[in-house]
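Colleague: Sending over start-v8.pdb (PDB, C-alpha atoms and all ligand atoms).
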ATOM      1  CA  MET A   1     -42.563 -51.326  49.063  1.00  0.00           C
ATOM      2  CA  PRO A   2     -39.246 -50.512  47.396  1.00  0.00           C
ATOM      3  CA  ALA A   3     -39.534 -49.516  43.739  1.00  0.00           C
ATOM      4  CA  MET A   4     -36.677 -51.757  42.692  1.00  0.00           C
ATOM      5  CA  THR A   5     -35.316 -55.093  43.752  1.00  0.00           C
ATOM      6  CA  PRO A   6     -31.843 -55.007  45.349  1.00  0.00           C
ATOM      7  CA  THR A   7     -30.346 -56.908  42.414  1.00  0.00           C
ATOM      8  CA  VAL A   8     -31.694 -54.471  39.834  1.00  0.00           C
ATOM      9  CA  LEU A   9     -30.670 -51.487  41.950  1.00  0.00           C
ATOM     10  CA  GLU A  10     -27.153 -52.842  42.292  1.00  0.00           C
ATOM     11  CA  ALA A  11     -26.927 -53.507  38.564  1.00  0.00           C
ATOM     12  CA  ILE A  12     -28.121 -49.985  37.739  1.00  0.00           C
ATOM     13  CA  ASN A  13     -25.569 -48.515  40.138  1.00  0.00           C
ATOM     14  CA  ARG A  14     -22.945 -50.537  38.304  1.00  0.00           C
ATOM     15  CA  GLN A  15     -24.201 -49.145  35.009  1.00  0.00           C
ATOM     16  CA  VAL A  16     -23.913 -45.602  36.378  1.00  0.00           C
ATOM     17  CA  ALA A  17     -20.224 -46.372  36.995  1.00  0.00           C
ATOM     18  CA  ALA A  18     -19.906 -47.968  33.543  1.00  0.00           C
ATOM     19  CA  GLU A  19     -21.235 -44.789  31.892  1.00  0.00           C
ATOM     20  CA  PHE A  20     -18.855 -42.601  33.914  1.00  0.00           C
ATOM     21  CA  SER A  21     -16.103 -45.023  33.001  1.00  0.00           C
ATOM     22  CA  ALA A  22     -16.995 -44.640  29.298  1.00  0.00           C
ATOM     23  CA  SER A  23     -16.938 -40.865  29.738  1.00  0.00           C
ATOM     24  CA  PHE A  24     -13.470 -41.062  31.308  1.00  0.00           C
ATOM     25  CA  SER A  25     -12.264 -43.429  28.630  1.00  0.00           C
ATOM     26  CA  TYR A  26     -13.398 -41.100  25.814  1.00  0.00           C
ATOM     27  CA  LEU A  27     -11.699 -38.225  27.611  1.00  0.00           C
ATOM     28  CA  ALA A  28      -8.434 -40.210  27.705  1.00  0.00           C
ATOM     29  CA  MET A  29      -8.858 -40.844  23.960  1.00  0.00           C
ATOM     30  CA  ALA A  30      -9.464 -37.120  23.385  1.00  0.00           C
ATOM     31  CA  GLY A  31      -6.303 -36.365  25.339  1.00  0.00           C
ATOM     32  CA  TRP A  32      -4.269 -38.780  23.221  1.00  0.00           C
ATOM     33  CA  CYS A  33      -5.620 -37.333  19.973  1.00  0.00           C
ATOM     34  CA  GLU A  34      -5.014 -33.734  20.935  1.00  0.00           C
ATOM     35  CA  HIS A  35      -1.528 -34.546  22.194  1.00  0.00           C
ATOM     36  CA  HIS A  36      -0.843 -36.058  18.768  1.00  0.00           C
ATOM     37  CA  LYS A  37      -2.465 -33.039  17.078  1.00  0.00           C
ATOM     38  CA  TYR A  38      -5.570 -34.753  15.768  1.00  0.00           C
ATOM     39  CA  MET A  39      -7.624 -31.827  16.979  1.00  0.00           C
ATOM     40  CA  GLY A  40     -10.812 -32.775  15.130  1.00  0.00           C
ATOM     41  CA  ALA A  41     -10.902 -36.300  16.550  1.00  0.00           C
ATOM     42  CA  GLY A  42     -10.082 -34.767  19.921  1.00  0.00           C
ATOM     43  CA  ARG A  43     -13.122 -32.524  19.710  1.00  0.00           C
ATOM     44  CA  TRP A  44     -15.343 -35.418  18.647  1.00  0.00           C
ATOM     45  CA  LEU A  45     -14.131 -37.536  21.566  1.00  0.00           C
ATOM     46  CA  ARG A  46     -14.520 -34.709  24.089  1.00  0.00           C
ATOM     47  CA  LEU A  47     -18.135 -34.335  23.015  1.00  0.00           C
ATOM     48  CA  GLN A  48     -18.628 -38.081  23.265  1.00  0.00           C
ATOM     49  CA  SER A  49     -17.160 -37.997  26.762  1.00  0.00           C
ATOM     50  CA  ALA A  50     -19.693 -35.312  27.689  1.00  0.00           C
ATOM     51  CA  GLU A  51     -22.472 -37.392  26.179  1.00  0.00           C
ATOM     52  CA  GLU A  52     -21.507 -40.430  28.258  1.00  0.00           C
ATOM     53  CA  HIS A  53     -21.649 -38.168  31.292  1.00  0.00           C
ATOM     54  CA  THR A  54     -25.277 -37.372  30.460  1.00  0.00           C
ATOM     55  CA  HIS A  55     -25.979 -41.127  30.229  1.00  0.00           C
ATOM     56  CA  ALA A  56     -24.585 -41.656  33.721  1.00  0.00           C
ATOM     57  CA  MET A  57     -26.665 -38.769  35.025  1.00  0.00           C
ATOM     58  CA  LYS A  58     -29.816 -40.110  33.391  1.00  0.00           C
ATOM     59  CA  LEU A  59     -29.475 -43.336  35.385  1.00  0.00           C
ATOM     60  CA  PHE A  60     -28.382 -41.407  38.486  1.00  0.00           C
ATOM     61  CA  ASP A  61     -31.603 -39.391  38.248  1.00  0.00           C
ATOM     62  CA  PHE A  62     -33.643 -42.515  37.598  1.00  0.00           C
ATOM     63  CA  VAL A  63     -32.415 -44.222  40.777  1.00  0.00           C
ATOM     64  CA  LEU A  64     -33.309 -41.110  42.781  1.00  0.00           C
ATOM     65  CA  ALA A  65     -36.694 -40.802  41.073  1.00  0.00           C
ATOM     66  CA  ARG A  66     -37.452 -44.328  42.235  1.00  0.00           C
ATOM     67  CA  ASN A  67     -36.667 -43.213  45.776  1.00  0.00           C
ATOM     68  CA  HIS A  68     -33.429 -45.144  46.144  1.00  0.00           C
ATOM     69  CA  GLU A  69     -29.963 -44.062  47.154  1.00  0.00           C
ATOM     70  CA  VAL A  70     -27.369 -43.866  44.375  1.00  0.00           C
ATOM     71  CA  ARG A  71     -24.017 -45.488  44.955  1.00  0.00           C
ATOM     72  CA  LEU A  72     -21.058 -44.190  43.007  1.00  0.00           C
ATOM     73  CA  LEU A  73     -18.685 -47.080  42.545  1.00  0.00           C
ATOM     74  CA  GLY A  74     -15.038 -46.514  41.720  1.00  0.00           C
ATOM     75  CA  ILE A  75     -13.858 -46.383  38.146  1.00  0.00           C
ATOM     76  CA  GLU A  76     -10.530 -47.543  36.809  1.00  0.00           C
ATOM     77  CA  GLU A  77      -7.880 -45.513  35.070  1.00  0.00           C
ATOM     78  CA  PRO A  78      -8.739 -45.626  31.367  1.00  0.00           C
ATOM     79  CA  ARG A  79      -6.418 -46.999  28.737  1.00  0.00           C
ATOM     80  CA  ARG A  80      -4.117 -44.470  27.088  1.00  0.00           C
ATOM     81  CA  ASP A  81      -1.453 -46.580  25.347  1.00  0.00           C
ATOM     82  CA  PHE A  82      -2.967 -46.111  21.909  1.00  0.00           C
ATOM     83  CA  LYS A  83      -1.019 -46.816  18.747  1.00  0.00           C
ATOM     84  CA  SER A  84      -2.906 -44.586  16.345  1.00  0.00           C
ATOM     85  CA  VAL A  85      -6.095 -42.636  15.825  1.00  0.00           C
ATOM     86  CA  VAL A  86      -7.568 -45.716  14.087  1.00  0.00           C
ATOM     87  CA  ASP A  87      -6.700 -47.786  17.145  1.00  0.00           C
ATOM     88  CA  ILE A  88      -8.647 -45.237  19.223  1.00  0.00           C
ATOM     89  CA  PHE A  89     -11.849 -45.601  17.227  1.00  0.00           C
ATOM     90  CA  GLU A  90     -11.509 -49.388  17.047  1.00  0.00           C
ATOM     91  CA  SER A  91     -11.232 -49.377  20.854  1.00  0.00           C
ATOM     92  CA  ALA A  92     -14.231 -47.059  21.047  1.00  0.00           C
ATOM     93  CA  LEU A  93     -16.271 -49.489  18.955  1.00  0.00           C
ATOM     94  CA  ALA A  94     -15.259 -52.430  21.160  1.00  0.00           C
ATOM     95  CA  GLN A  95     -16.207 -50.345  24.197  1.00  0.00           C
ATOM     96  CA  GLU A  96     -19.645 -49.518  22.771  1.00  0.00           C
ATOM     97  CA  GLN A  97     -20.274 -53.160  21.894  1.00  0.00           C
ATOM     98  CA  LYS A  98     -19.393 -54.129  25.459  1.00  0.00           C
ATOM     99  CA  VAL A  99     -21.774 -51.493  26.838  1.00  0.00           C
ATOM    100  CA  SER A 100     -24.554 -52.759  24.552  1.00  0.00           C
ATOM    101  CA  THR A 101     -24.111 -56.238  26.047  1.00  0.00           C
ATOM    102  CA  GLN A 102     -24.216 -54.780  29.568  1.00  0.00           C
ATOM    103  CA  ILE A 103     -27.432 -52.877  28.801  1.00  0.00           C
ATOM    104  CA  ASP A 104     -29.016 -56.016  27.300  1.00  0.00           C
ATOM    105  CA  GLN A 105     -28.116 -58.007  30.407  1.00  0.00           C
ATOM    106  CA  LEU A 106     -29.494 -55.273  32.632  1.00  0.00           C
ATOM    107  CA  TYR A 107     -32.726 -55.228  30.644  1.00  0.00           C
ATOM    108  CA  GLU A 108     -33.007 -59.006  30.939  1.00  0.00           C
ATOM    109  CA  LEU A 109     -32.478 -58.768  34.688  1.00  0.00           C
ATOM    110  CA  ALA A 110     -35.145 -56.054  35.042  1.00  0.00           C
ATOM    111  CA  PHE A 111     -37.504 -58.270  33.033  1.00  0.00           C
ATOM    112  CA  LYS A 112     -36.831 -61.338  35.188  1.00  0.00           C
ATOM    113  CA  GLU A 113     -37.334 -59.330  38.375  1.00  0.00           C
ATOM    114  CA  LYS A 114     -40.420 -57.615  36.937  1.00  0.00           C
ATOM    115  CA  VAL A 115     -39.037 -54.106  37.496  1.00  0.00           C
ATOM    116  CA  PHE A 116     -41.067 -52.595  34.676  1.00  0.00           C
ATOM    117  CA  ALA A 117     -40.077 -48.971  35.288  1.00  0.00           C
ATOM    118  CA  ALA A 118     -36.424 -49.929  34.865  1.00  0.00           C
ATOM    119  CA  MET A 119     -37.277 -51.745  31.634  1.00  0.00           C
ATOM    120  CA  ALA A 120     -38.935 -48.597  30.285  1.00  0.00           C
ATOM    121  CA  GLU A 121     -35.921 -46.518  31.284  1.00  0.00           C
ATOM    122  CA  LEU A 122     -33.488 -48.983  29.745  1.00  0.00           C
ATOM    123  CA  GLN A 123     -35.296 -48.988  26.433  1.00  0.00           C
ATOM    124  CA  TRP A 124     -33.866 -45.537  25.773  1.00  0.00           C
ATOM    125  CA  PHE A 125     -30.384 -46.962  26.363  1.00  0.00           C
ATOM    126  CA  ILE A 126     -30.956 -49.897  24.021  1.00  0.00           C
ATOM    127  CA  THR A 127     -31.894 -47.497  21.203  1.00  0.00           C
ATOM    128  CA  GLU A 128     -28.999 -45.191  22.059  1.00  0.00           C
ATOM    129  CA  GLN A 129     -26.511 -48.080  21.853  1.00  0.00           C
ATOM    130  CA  VAL A 130     -27.719 -48.968  18.363  1.00  0.00           C
ATOM    131  CA  GLU A 131     -27.050 -45.369  17.317  1.00  0.00           C
ATOM    132  CA  GLU A 132     -23.651 -45.133  19.012  1.00  0.00           C
ATOM    133  CA  GLU A 133     -22.389 -48.428  17.627  1.00  0.00           C
ATOM    134  CA  LYS A 134     -23.502 -47.369  14.146  1.00  0.00           C
ATOM    135  CA  THR A 135     -21.777 -43.977  14.362  1.00  0.00           C
ATOM    136  CA  VAL A 136     -18.473 -45.353  15.632  1.00  0.00           C
ATOM    137  CA  ARG A 137     -18.560 -48.279  13.184  1.00  0.00           C
ATOM    138  CA  GLU A 138     -18.881 -45.789  10.308  1.00  0.00           C
ATOM    139  CA  ILE A 139     -15.903 -43.785  11.573  1.00  0.00           C
ATOM    140  CA  VAL A 140     -13.804 -46.971  11.862  1.00  0.00           C
ATOM    141  CA  ALA A 141     -14.802 -47.938   8.306  1.00  0.00           C
ATOM    142  CA  LYS A 142     -13.722 -44.529   6.985  1.00  0.00           C
ATOM    143  CA  PHE A 143     -10.331 -44.843   8.670  1.00  0.00           C
ATOM    144  CA  HIS A 144      -9.933 -48.287   7.133  1.00  0.00           C
ATOM    145  CA  MET A 145     -10.798 -46.852   3.708  1.00  0.00           C
ATOM    146  CA  VAL A 146      -8.181 -44.097   3.847  1.00  0.00           C
ATOM    147  CA  LYS A 147      -5.544 -46.417   5.333  1.00  0.00           C
ATOM    148  CA  ASP A 148      -2.225 -44.592   5.835  1.00  0.00           C
ATOM    149  CA  ASP A 149      -2.783 -41.696   3.470  1.00  0.00           C
ATOM    150  CA  PRO A 150      -1.882 -38.620   5.583  1.00  0.00           C
ATOM    151  CA  ALA A 151      -3.929 -36.149   3.519  1.00  0.00           C
ATOM    152  CA  SER A 152      -7.060 -38.288   3.809  1.00  0.00           C
ATOM    153  CA  ILE A 153      -6.505 -38.828   7.520  1.00  0.00           C
ATOM    154  CA  LEU A 154      -6.295 -35.066   7.982  1.00  0.00           C
ATOM    155  CA  ASP A 155      -9.522 -34.636   5.987  1.00  0.00           C
ATOM    156  CA  LEU A 156     -11.201 -37.192   8.194  1.00  0.00           C
ATOM    157  CA  ASP A 157      -9.864 -35.456  11.287  1.00  0.00           C
ATOM    158  CA  ARG A 158     -11.330 -32.184  10.034  1.00  0.00           C
ATOM    159  CA  GLU A 159     -14.658 -33.890   9.370  1.00  0.00           C
ATOM    160  CA  LEU A 160     -14.746 -35.290  12.924  1.00  0.00           C
ATOM    161  CA  GLY A 161     -14.017 -31.799  14.228  1.00  0.00           C
ATOM    162  CA  GLY A 162     -17.270 -30.656  12.662  1.00  0.00           C
ATOM    163  CA  ARG A 163     -19.281 -32.511  15.266  1.00  0.00           C
ATOM    164  CA  THR A 164     -21.606 -30.076  16.953  1.00  0.00           C
ATOM    165  CA  ALA A 165     -22.383 -29.793  20.626  1.00  0.00           C
ATOM    166  CA  VAL A 166     -23.629 -32.586  22.807  1.00  0.00           C
ATOM    167  CA  GLU A 167     -26.914 -34.101  21.796  1.00  0.00           C
ATOM    168  CA  GLU A 168     -29.934 -32.730  23.611  1.00  0.00           C
ATOM    169  CA  ASP A 169     -30.257 -33.710  27.226  1.00  0.00           C
ATOM    170  CA  PRO A 170     -31.588 -37.272  27.131  1.00  0.00           C
ATOM    171  CA  GLY A 171     -34.299 -36.030  29.514  1.00  0.00           C
ATOM    172  CA  ASN A 172     -36.546 -38.016  31.720  1.00  0.00           C
ATOM    173  CA  GLU A 173     -39.749 -36.327  30.857  1.00  0.00           C
TER     174      GLU A 173
HETATM  175 FE    FE A 201     -23.430 -44.505  27.236  1.00  0.00          FE
HETATM  176 FE    FE A 202     -21.591 -44.868  24.445  1.00  0.00          FE
END
Rewrite the structure of this file - the entire thing - as structure tokens.

Modeller:
Amino acid sequence: MPAMTPTVLEAINRQVAAEFSASFSYLAMAGWCEHHKYMGAGRWLRLQSAEEHTHAMKLFDFVLARNHEVRLLGIEEPRRDFKSVVDIFESALAQEQKVSTQIDQLYELAFKEKVFAAMAELQWFITEQVEEEKTVREIVAKFHMVKDDPASILDLDRELGGRTAVEEDPGNE
């Protein structure tokens, strides 16, 4: 008996692509920031890109662990026509909110199809989305507080550059 229903499997494969897409999108944001010499924000976004990569791999590994074949669907070219560093983080927040909705829908689907192992796996993602939305929302709020003051924006950029390496491997054990 297959470990997952075709619908759930397909939806998880789509989420693998969505996580890679988020990784690519953050990388495009990092590129924009570094091109415009916001090196701290660039570092933060590069690390976030790497973190999204680990999310994709966590689901990739999950599909394989359930003895299914993983499909890598195509991803689109990410947006890069940003207006400002604030615009970047506002877009990042919108992106995280969208992903949270996708994860919720995926969880609901797994529940309806009684794929309990997928529900357990997705719980990690639900918690992670709460954390990611919170972090990005706080960064957006700080940018809104400093408005157009160049010195404060540079301070904030330096603060973002203090982000340390990628969070521990989300692990499946
Ligand atoms: Fe993610
Ligand atoms: Fe994320």

Colleague: Using only C-alpha atoms and all ligand atoms for the distances, tell me which of A:Asn13, A:Gln97, A:Ser84, A:Gln129 is nearest to ligand FE 201 (chain A).

Modeller: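 When distances to ligand FE 201 (chain A) are compared using only C-alpha atoms and all ligand atoms, the smallest one comes from A:Gln129.
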
Colleague: Out of A:Val63, A:Glu52, A:Ala141, A:Leu9, which residue has the shortest atom-to-atom distance to A:Asp87 when counting all atoms listed in the file?

Modeller: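 Checking each candidate against A:Asp87, we get A:Ala141 as the closest.
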
Colleague: Find the residues around A:Asp61 up to 12 Å (all atoms listed in the file counted), leave out those fewer than 2 positions away in its own chain, and share them as a PyMOL selection string.

Modeller: chain A and resi 12-13+16+54-59+63-71+121+170-173

Colleague: Could you expand the PyMOL selection byres (((not hetatm)) within 12 of (chain A and resi 201)) into the explicit residues it covers here, written as a PyMOL selection string?

Modeller: chain A and resi 15-26+48-59+92+95-103+122+124-133+170

Colleague: Name the residues, using the chain letters and numbers of the file, that sit within 12 Å of (-19.6, -31.7, 14.0) when counting all atoms listed in the file, and give them as a list in words.

Modeller: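 Result, sorted by chain then residue number: Gly40, Ala41, Gly42, Arg43, Trp44, Leu45, Arg46, Leu47, Gln48, Leu156, Asp157, Arg158, Glu159, Leu160, Gly161, Gly162, Arg163, Thr164, Ala165, Val166 and Glu167 of chain A.
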
Colleague: Please report the interatomic distance between atom CA of A:Pro78 and atom CA of A:His35 in Å with one decimal.

Modeller: 16.1 Å

Colleague: Expressed in Å to a single decimal, how great is the separation between atom CA of A:Ile88 and atom CA of A:Tyr38?

Modeller: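 Interatomic distance here is 11.5 Å.
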
Colleague: Output as lines of an AutoDock Vina configuration file the centre and edge lengths (Å, one decimal) of the box along x, y and z of the file that holds every listed atom of stretch 151-167 of chain A after adding 5 Å on each side.

Modeller:
center_x = -15.4
center_y = -34.3
center_z = 13.2
size_x = 33.0
size_y = 19.0
size_z = 29.3

Colleague: Go through A:Val140, A:Leu106, A:Val115, A:Leu93 and flag the residue nearest ligand FE 202 (chain A), using all atoms listed in the file for the distances.

Modeller: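 Of A:Val140, A:Leu106, A:Val115, A:Leu93, the one nearest ligand FE 202 (chain A) is A:Leu93, counting all atoms listed in the file.
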
Colleague: Closest to A:Arg80 among A:Lys142, A:Ala30, A:Lys147, A:Arg137, using only C-alpha atoms?

Modeller: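 Closest to A:Arg80 of all the choices is A:Ala30.
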
Colleague: Since the input lacks some atoms of stretch 147-158 of chain A, please model all heavy atoms and print them as an mmCIF file, in the frame of the given file.

Modeller:
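After the write, selection18.cif holds the following:
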data_model
loop_
_atom_site.group_PDB
_atom_site.id
_atom_site.type_symbol
_atom_site.label_atom_id
_atom_site.label_comp_id
_atom_site.auth_asym_id
_atom_site.auth_seq_id
_atom_site.Cartn_x
_atom_site.Cartn_y
_atom_site.Cartn_z
ATOM 1 N N LYS A 147 -6.804 -45.751 4.953
ATOM 2 C CA LYS A 147 -5.544 -46.417 5.333
ATOM 3 C C LYS A 147 -4.495 -45.422 5.862
ATOM 4 O O LYS A 147 -4.799 -44.684 6.793
ATOM 5 C CB LYS A 147 -5.010 -47.234 4.159
ATOM 6 C CG LYS A 147 -5.962 -48.347 3.719
ATOM 7 C CD LYS A 147 -5.198 -49.589 3.334
ATOM 8 C CE LYS A 147 -6.129 -50.784 3.180
ATOM 9 N NZ LYS A 147 -7.091 -50.620 2.053
ATOM 10 N N ASP A 148 -3.300 -45.433 5.285
ATOM 11 C CA ASP A 148 -2.225 -44.592 5.835
ATOM 12 C C ASP A 148 -2.016 -43.288 5.086
ATOM 13 O O ASP A 148 -0.992 -42.625 5.253
ATOM 14 C CB ASP A 148 -0.895 -45.378 5.831
ATOM 15 C CG ASP A 148 -0.964 -46.575 6.759
ATOM 16 O OD1 ASP A 148 -1.670 -46.494 7.779
ATOM 17 O OD2 ASP A 148 -0.308 -47.599 6.443
ATOM 18 N N ASP A 149 -2.963 -42.917 4.254
ATOM 19 C CA ASP A 149 -2.783 -41.696 3.470
ATOM 20 C C ASP A 149 -2.941 -40.452 4.358
ATOM 21 O O ASP A 149 -4.048 -40.133 4.802
ATOM 22 C CB ASP A 149 -3.810 -41.673 2.329
ATOM 23 C CG ASP A 149 -3.708 -40.399 1.518
ATOM 24 O OD1 ASP A 149 -2.566 -39.974 1.240
ATOM 25 O OD2 ASP A 149 -4.754 -39.810 1.189
ATOM 26 N N PRO A 150 -1.823 -39.741 4.624
ATOM 27 C CA PRO A 150 -1.882 -38.620 5.583
ATOM 28 C C PRO A 150 -2.906 -37.545 5.214
ATOM 29 O O PRO A 150 -3.614 -37.045 6.092
ATOM 30 C CB PRO A 150 -0.464 -38.041 5.550
ATOM 31 C CG PRO A 150 0.393 -39.093 4.952
ATOM 32 C CD PRO A 150 -0.483 -39.889 4.042
ATOM 33 N N ALA A 151 -2.996 -37.208 3.930
ATOM 34 C CA ALA A 151 -3.929 -36.149 3.519
ATOM 35 C C ALA A 151 -5.375 -36.551 3.826
ATOM 36 O O ALA A 151 -6.173 -35.751 4.322
ATOM 37 C CB ALA A 151 -3.765 -35.850 2.042
ATOM 38 N N SER A 152 -5.696 -37.813 3.550
ATOM 39 C CA SER A 152 -7.060 -38.288 3.809
ATOM 40 C C SER A 152 -7.349 -38.376 5.302
ATOM 41 O O SER A 152 -8.465 -38.108 5.747
ATOM 42 C CB SER A 152 -7.274 -39.663 3.177
ATOM 43 O OG SER A 152 -6.952 -39.620 1.817
ATOM 44 N N ILE A 153 -6.318 -38.759 6.063
ATOM 45 C CA ILE A 153 -6.505 -38.828 7.520
ATOM 46 C C ILE A 153 -6.778 -37.423 8.069
ATOM 47 O O ILE A 153 -7.659 -37.232 8.905
ATOM 48 C CB ILE A 153 -5.281 -39.487 8.218
ATOM 49 C CG1 ILE A 153 -5.220 -40.977 7.834
ATOM 50 C CG2 ILE A 153 -5.369 -39.340 9.741
ATOM 51 C CD1 ILE A 153 -3.997 -41.721 8.339
ATOM 52 N N LEU A 154 -6.067 -36.448 7.537
ATOM 53 C CA LEU A 154 -6.295 -35.066 7.982
ATOM 54 C C LEU A 154 -7.689 -34.582 7.602
ATOM 55 O O LEU A 154 -8.349 -33.891 8.376
ATOM 56 C CB LEU A 154 -5.221 -34.131 7.407
ATOM 57 C CG LEU A 154 -3.875 -34.208 8.127
ATOM 58 C CD1 LEU A 154 -2.856 -33.282 7.476
ATOM 59 C CD2 LEU A 154 -4.007 -33.855 9.618
ATOM 60 N N ASP A 155 -8.151 -34.980 6.407
ATOM 61 C CA ASP A 155 -9.522 -34.636 5.987
ATOM 62 C C ASP A 155 -10.538 -35.228 6.947
ATOM 63 O O ASP A 155 -11.500 -34.581 7.352
ATOM 64 C CB ASP A 155 -9.806 -35.222 4.589
ATOM 65 C CG ASP A 155 -9.343 -34.288 3.488
ATOM 66 O OD1 ASP A 155 -8.998 -33.127 3.807
ATOM 67 O OD2 ASP A 155 -9.313 -34.720 2.320
ATOM 68 N N LEU A 156 -10.296 -36.476 7.293
ATOM 69 C CA LEU A 156 -11.201 -37.192 8.194
ATOM 70 C C LEU A 156 -11.186 -36.535 9.581
ATOM 71 O O LEU A 156 -12.221 -36.371 10.223
ATOM 72 C CB LEU A 156 -10.723 -38.644 8.271
ATOM 73 C CG LEU A 156 -11.708 -39.706 8.723
ATOM 74 C CD1 LEU A 156 -13.073 -39.505 8.098
ATOM 75 C CD2 LEU A 156 -11.173 -41.091 8.359
ATOM 76 N N ASP A 157 -9.997 -36.140 9.992
ATOM 77 C CA ASP A 157 -9.864 -35.456 11.287
ATOM 78 C C ASP A 157 -10.679 -34.155 11.268
ATOM 79 O O ASP A 157 -11.388 -33.846 12.222
ATOM 80 C CB ASP A 157 -8.390 -35.171 11.576
ATOM 81 C CG ASP A 157 -8.192 -34.530 12.943
ATOM 82 O OD1 ASP A 157 -8.552 -35.176 13.950
ATOM 83 O OD2 ASP A 157 -7.707 -33.391 13.013
ATOM 84 N N ARG A 158 -10.589 -33.439 10.158
ATOM 85 C CA ARG A 158 -11.330 -32.184 10.034
ATOM 86 C C ARG A 158 -12.831 -32.451 10.068
ATOM 87 O O ARG A 158 -13.592 -31.740 10.710
ATOM 88 C CB ARG A 158 -10.938 -31.481 8.726
ATOM 89 C CG ARG A 158 -11.254 -29.997 8.728
ATOM 90 C CD ARG A 158 -10.655 -29.280 7.517
ATOM 91 N NE ARG A 158 -9.216 -29.438 7.428
ATOM 92 C CZ ARG A 158 -8.568 -29.983 6.381
ATOM 93 N NH1 ARG A 158 -9.246 -30.432 5.340
ATOM 94 N NH2 ARG A 158 -7.257 -30.085 6.372
#
